[in-house]
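Notes follow the structure.
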Amino acid sequence: MTIMQCPQRGQKGEEMEVLNKAMTGKKERPVKVVQFGEGNFLRAFVDYMIDIANEQGKFDGDIVLIKPIEFGSTENFHKQDCQYTVSLRGIVDGEAKVLNRQVTSVSDIVDTSTEYEKYMALAQIDTLRFVVSNTTEAGIVFDSEDKFELNPPNTFPGKLTKFLYHRFETFGGDMGKGLVMLPVELIDDNGIMLKKCVMQLIALWGLSDEFKKWVEEACIFTSTLVDRIVTGYPRDTIEEEWEKLGYEDRIMVTGEPFALWVIESPKDISKELPLPDAGLPVIFTDNQKPYKQRKVRILNGAHTSFVLASYLCGNDIVKQSMDDEDIKNFMVKTIFDEVIPTLTLPEEELKDFAEAVIARFNNPYVKHALLSISLNSVSKWRARCMPSLLGYVEKFGRLPARLAFSLAALMAFYTGTEIRGKALIGSRDGQEYEILDDMDVLEFFRDNCGKSSGEFVTAFLGNENFFGQDLNQVQGLTDAVTGYLEEIKANGMRAALCKIS
């Protein structure tokens, strides 16, 4: 049920009604999904999509949330019958819009530490098919100290392995009762890594060969790529939000309209999880790497290539940067002229994605600070921009000017002679700012930024700990970056940037 505008409930000063099943008209459906993680992202992404698929009659399944760690409370979920509002805010069809939706796809929440028996009973549900997880990057880890005897085991892979074992035993090893794992943790090949942890625990705990075969053959571990900015609970404006909605919602979550979910699976599960049939931005593939490359090189690469220059031009957030014609022009030309030509997906698909990225950067509801994006910029440049620069040189036999300029902008931003606490101190128009990175990076810039531009650039590009290779070997790069850095020092960031954009 999508809400564009809700009437207020009650008179001014009266206590508002709390969102609940009676208000949303929730239909009870068979439980098809258990979800490790009750946080904002999954609720504004996976649960939101499944809710739409339910509404359109494509999925017909409920989700039970599993709280995998002791921290946090389930109280507000129970008070609201696990009903909540997702508020998507951003540019849609060229206009700034707020799209509110009451999500009814979640039927219950279970705490593994205080409701262990109830948690394990979920494994016995005949209709269960999918396991979603978002336990952070640190969640998918093998811990040789984890124990089968614990109720529950300490780690997420431990909890999952024991859960799968209970299902295996409950259904007598029925090969039709395997589960599909859909991890969204932000690590490469998350499904492969999760399966590896489960297999290591099966060996560590001495579980049967029959169970091992069941996990191998009856269960599916997918690797996924997810993309949506979720800004979370609107704490600062929540009273105003409730007034607009006409009810109280303490687990409301906000985010951007854009979303993408790429699911790489060794077996075709598209018929069982027909989210694209509901018009949802889900791609099933046997190789997610081109999509990851597209996201990293266009979305993340654009960020890394312009934010440091933008900050030194006087901007503080991404939206300001997009309202700055000099910065926007630089970013657009970087993406379309220097990054897209190096990628392998169809050109139209890449251009459509790039246009969506620009719309996301223009989102008036997201105040994304440039200084927060600047964290660890050296390693980010290596991962996000260096492949595009090297790919461009290889393909065209010349330097991509703006990507080369982004190196000089990085060096200008990282210029500082004092490390205070864990930050190198930079200066913009006489105002200090903190540069945050690994200490060896900060110490390098502290010790080298006072040298001549040529020496500074040669030392930076030649640091193989930063780049995995000596970038001075890229023909013309050292001279180009040195020239850009000299221009920045002599005439300021904006004048230098405008000269090439």
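Chain labels run A, B, ... following the order of the structure tokens; each chain numbers its residues from 1, and ligands are numbered from 1 in the order shown.
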
Where in stretch 192-437 of chain A does DSSP assign helix (DSSP H, G or I), given as an MDAnalysis selection string?
-> chainID A and resid 192:204 209:218 235:245 276:278 289:312 318:323 325:342 347:361 370:373 377:384 386:396 401:413

Run DSSP on the backbone and give me the residues of stretch 297-472 of chain A it puts in strand (DSSP E), as a list of chain:residue names.
-> A:Ile419, A:Arg420, A:Ala423, A:Leu424, A:Ile425, A:Gly426, A:Ser427, A:Arg428, A:Gln431, A:Glu432, A:Tyr433, A:Glu434, A:Ile435

Between A:Val64, A:Val357, A:Val103, A:Ile69, single out the one closest to A:Lys26, counting only C-alpha atoms.
->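 Checking each of A:Val64, A:Val357, A:Val103, A:Ile69 against A:Lys26, counting only C-alpha atoms, the winner is A:Val103.
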
Spatial neighbours of A:Leu194, 10 Å, only C-alpha atoms, chain gap at least 2 places, as a PyMOL selection string | chain A and resi 139-142+156-157+160+181-183+185+189-192+196-200+221-223

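Distance annotation: of A:Asp93, A:Glu455, A:Glu264, A:Glu117, the residue with the minimal separation from A:Thr224 is A:Glu264; atom set is only C-alpha atoms.
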
Which of A:Leu164, A:Ile358, A:Ala383, A:Leu260 sits closest to A:Trp214 [using only C-alpha atoms] =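 Residue with the minimum atom-to-atom distance to A:Trp214: A:Leu164.
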